[in-house]
Amino acid sequence: MSQERTITKKESTSILLASVLAAASTFIATVIVQRVLGGTAVTEFMLFWALLFGVYGVIGGITSEATRAVGAQRLREIAQSDPSGESLSGSVSTGPAGARPTYVAMGIGAVIGAVLVLSSPLWIGEFLKQNTLGVVVAIGVACLLYAVQVAMSGNAAGLNSWYMMASITASEALWRLVAMLVVGMVVGSLWGLEAAAISPALLWPLLVLFSKTGRKVFNARADVPVARLTRNILLAMGSSAASAALTVGFPLMMQASGDEKNDAYLKMMMGALILAVSITRTPIMLPLQAFQGVAISMFLKQAHRPLAALLKPAGALLGVGAIGGVLAFLIGPWLFLLIYAPKPEQVQAYHEVAQGWTLGALTFASAFMALLVLTGTAVLALNLHKVYVAGWVIGAAVSLALLFLPMDLVPRVLIALYGGPICGIAVHLAGMVARARDRKSA
């Protein structure tokens, strides 16, 4: 009789290690950029990085729907092949296999890339000043390639091919890190580092060519036809767009909201602030993202008491954020200037950002961003998808609005980093309270 197995400890460890490698490579990449580039080129690269991974964050919504669709089809096939009919609990729909998520993702990625390239004359000058045509074309091509890559990652999860999923994450991170190290040492140019950052999008063709498991994952089928799968993916990407804006896309929101781009000193200061936001978020966001699956499982088991289930992990996140904030206040300035040693022309701008109170406040703000991720996970477990999307959209909109306050750069960035997530958290909590009341009355 067919059996549905669960993820093993070794498989869980491989996913965690891949997540750690991905986070570490991102951090090391920022160090490479700071050491290789000078002046406003650091800010230019960090804005490119935010644009690239902001687009990737939106495309990443493909992963969750690919996982669901391929997983549902796998369960359907298990049910159809089991003569006893006892292999699965609950009913499983029958019918022919649906579309291939990788093919649908390829089409969606191509459309996104084309729209990005064709619309770039309207907006690219607001963010990037150098290599704009080459950058936007490269990102446009990367949209197509990366869409297939995240679809393969989702397919792997849907097939319970956890090692392949971990391999995709780890290989992409390692490729990017090695490419940027080589370019940094040999060429040391802005365009070279940008090309190196994009190059891991070429990973999936190699997996398909040289790995039997890679070909199986690439060819996996969904449980629904092309039109339905496309609709589901677009809905998933809609929710991921708002979360991407608040996380990896936040520097672009900073750039769009002020006049720093017209002043070389303020632009260097913004580059330092972007680096500070990145380094203060990583310690708390990494473990949360790695264990989101565990969090969903926990909330599913305690769906009858969601608010009570939320209290302990929320308290832990705020506690970690507070401790991290105190440490950042005490040793943050020394550590920041050690890691991102400023060049002569950057010294004053970097010292203005590397203040104890600024780094401490940024670190504690990361706890609220993490709390927004946690409450989002909780409402998803309660099947409150509209509440989930609303929380992220409102959070992103509030943060963007607050960035336009008539204040200096650092204070308004801090207000935006607190205000947006807190509003998003409030929306998620309101949805959870309403669901709890509905269940109580029922």
# chains A, B, ... in the order shown; residues from 1 in each chain; ligands from 1
$ closest_atom_pairs --of "segment 159-191 of chain A" --to "segment 34-58 of chain A" --cutoff "8 Å" --atoms "only C-alpha atoms" --output "JSON lines"
{"residue": "A:Gly184", "atom": "CA", "partner": "A:Val36", "partner_atom": "CA", "distance": 6.1}
{"residue": "A:Gly188", "atom": "CA", "partner": "A:Val36", "partner_atom": "CA", "distance": 5.8}
{"residue": "A:Ser189", "atom": "CA", "partner": "A:Leu37", "partner_atom": "CA", "distance": 7.3}
{"residue": "A:Leu190", "atom": "CA", "partner": "A:Phe45", "partner_atom": "CA", "distance": 6.9}
$ atom_distance --atom1 "atom CA of Pro121 of chain A" --atom2 "atom CA of Gly134 of chain A"
12.6 Å
$ closest_atom_pairs --of "segment 112-224 of chain A" --to "segment 229-248 of chain A" --cutoff "9 Å" --atoms "only C-alpha atoms" --output "tab-separated table"
residue	atom	partner	partner_atom	distance
A:Ala222	CA	A:Leu229	CA	7.8
A:Asp223	CA	A:Leu229	CA	8.5
A:Val224	CA	A:Leu229	CA	5.9
$ write_last_selection --atoms "N, CA and C atoms" --output "compact mmCIF listing (two decimals), in the first residue's frame"
# COMPACT_ATOMS: atom_id res chain seq x y z
N ALA A 222 0.97 19.72 -12.52
CA ALA A 222 0.05 20.24 -11.51
C ALA A 222 -1.26 19.46 -11.56
N ASP A 223 -2.18 19.84 -10.68
CA ASP A 223 -3.49 19.19 -10.63
C ASP A 223 -4.55 19.95 -11.41
N VAL A 224 -4.16 21.08 -12.01
CA VAL A 224 -5.12 21.92 -12.73
C VAL A 224 -4.55 22.29 -14.10
$ decode --residues "segment 44-159 of chain A" --atoms "C-alpha atoms" --output "compact mmCIF listing (two decimals), in the first residue's frame"
# COMPACT_ATOMS: atom_id res chain seq x y z
CA GLU A 44 23.99 52.42 -7.09
CA PHE A 45 24.67 48.71 -6.59
CA MET A 46 22.44 48.43 -3.52
CA LEU A 47 19.56 50.03 -5.44
CA PHE A 48 20.19 47.58 -8.29
CA TRP A 49 20.20 44.76 -5.71
CA ALA A 50 16.89 45.98 -4.28
CA LEU A 51 15.38 46.18 -7.77
CA LEU A 52 16.60 42.70 -8.73
CA PHE A 53 15.44 40.99 -5.56
CA GLY A 54 12.27 43.06 -5.40
CA VAL A 55 11.32 41.60 -8.80
CA TYR A 56 12.53 38.18 -7.64
CA GLY A 57 10.37 38.55 -4.53
CA VAL A 58 7.27 39.04 -6.67
CA ILE A 59 8.17 36.13 -8.96
CA GLY A 60 8.82 34.02 -5.86
CA GLY A 61 5.05 33.75 -5.39
CA ILE A 62 5.23 31.03 -8.07
CA THR A 63 6.90 28.70 -5.56
CA SER A 64 3.97 28.34 -3.17
CA GLU A 65 1.41 27.62 -5.89
CA ALA A 66 3.77 25.18 -7.65
CA THR A 67 4.19 23.35 -4.34
CA ARG A 68 0.44 23.16 -3.79
CA ALA A 69 -0.40 22.15 -7.35
CA VAL A 70 2.30 19.48 -7.76
CA GLY A 71 1.69 18.17 -4.24
CA ALA A 72 -2.04 17.84 -4.92
CA GLN A 73 -1.35 15.98 -8.16
CA ARG A 74 1.08 13.65 -6.38
CA LEU A 75 -1.54 12.82 -3.75
CA ARG A 76 -4.10 12.24 -6.52
CA GLU A 77 -1.76 9.76 -8.21
CA ILE A 78 -1.15 7.95 -4.90
CA ALA A 79 -4.90 7.63 -4.36
CA GLN A 80 -5.50 6.36 -7.90
CA SER A 81 -2.73 3.76 -7.67
CA ASP A 82 -3.77 2.43 -4.24
CA PRO A 83 -6.34 -0.35 -4.67
CA SER A 84 -7.27 -0.35 -0.99
CA GLY A 85 -8.16 3.35 -1.05
CA GLU A 86 -6.76 3.69 2.43
CA SER A 87 -3.48 5.43 1.75
CA LEU A 88 -4.83 8.92 2.33
CA SER A 89 -7.18 10.48 4.79
CA GLY A 90 -9.92 12.58 3.25
CA SER A 91 -11.07 12.68 -0.35
CA VAL A 92 -8.72 13.31 -3.26
CA SER A 93 -10.06 14.45 -6.61
CA THR A 94 -9.43 12.27 -9.64
CA GLY A 95 -8.72 13.21 -13.21
CA PRO A 96 -5.92 13.69 -15.71
CA ALA A 97 -2.70 15.49 -14.84
CA GLY A 98 -2.67 19.23 -15.39
CA ALA A 99 -0.16 21.74 -16.70
CA ARG A 100 3.56 21.81 -16.02
CA PRO A 101 4.28 24.70 -13.59
CA THR A 102 7.72 25.26 -15.15
CA TYR A 103 6.16 25.95 -18.57
CA VAL A 104 3.55 28.30 -17.12
CA ALA A 105 6.24 30.04 -15.05
CA MET A 106 8.38 30.48 -18.15
CA GLY A 107 5.53 32.31 -19.88
CA ILE A 108 4.79 34.49 -16.86
CA GLY A 109 8.49 35.30 -16.42
CA ALA A 110 8.78 36.27 -20.09
CA VAL A 111 5.80 38.64 -19.80
CA ILE A 112 7.15 40.24 -16.61
CA GLY A 113 10.59 40.66 -18.20
CA ALA A 114 9.11 42.23 -21.33
CA VAL A 115 6.93 44.65 -19.33
CA LEU A 116 9.94 45.58 -17.21
CA VAL A 117 12.15 46.33 -20.21
CA LEU A 118 9.49 48.18 -22.23
CA SER A 119 8.39 50.34 -19.30
CA SER A 120 11.92 51.09 -18.06
CA PRO A 121 12.26 54.50 -19.77
CA LEU A 122 9.46 55.73 -17.52
CA TRP A 123 11.10 54.86 -14.19
CA ILE A 124 14.65 53.49 -14.39
CA GLY A 125 16.25 56.95 -14.20
CA GLU A 126 14.69 57.50 -10.77
CA PHE A 127 16.71 54.64 -9.32
CA LEU A 128 19.79 53.87 -11.42
CA LYS A 129 22.17 56.21 -13.23
CA GLN A 130 24.80 53.85 -14.70
CA ASN A 131 24.52 51.00 -17.22
CA THR A 132 20.75 51.45 -17.18
CA LEU A 133 20.01 49.78 -20.55
CA GLY A 134 22.30 46.83 -19.86
CA VAL A 135 20.96 46.41 -16.32
CA VAL A 136 17.29 46.46 -17.24
CA VAL A 137 17.76 44.05 -20.18
CA ALA A 138 19.75 41.67 -17.96
CA ILE A 139 17.05 41.78 -15.26
CA GLY A 140 14.39 41.24 -17.93
CA VAL A 141 16.11 38.05 -19.14
CA ALA A 142 16.67 36.99 -15.53
CA CYS A 143 12.89 37.25 -14.93
CA LEU A 144 12.27 34.45 -17.42
CA LEU A 145 15.08 32.25 -16.10
CA TYR A 146 14.38 32.84 -12.41
CA ALA A 147 10.65 32.16 -12.82
CA VAL A 148 11.48 28.63 -13.98
CA GLN A 149 13.98 28.20 -11.16
CA VAL A 150 11.49 29.07 -8.40
CA ALA A 151 8.88 26.86 -10.11
CA MET A 152 11.36 23.99 -9.92
CA SER A 153 11.91 24.72 -6.24
CA GLY A 154 8.15 24.59 -5.69
CA ASN A 155 7.85 21.41 -7.77
CA ALA A 156 10.58 19.79 -5.68
CA ALA A 157 8.69 20.58 -2.46
CA GLY A 158 5.45 19.27 -3.98
CA LEU A 159 7.22 16.00 -4.89
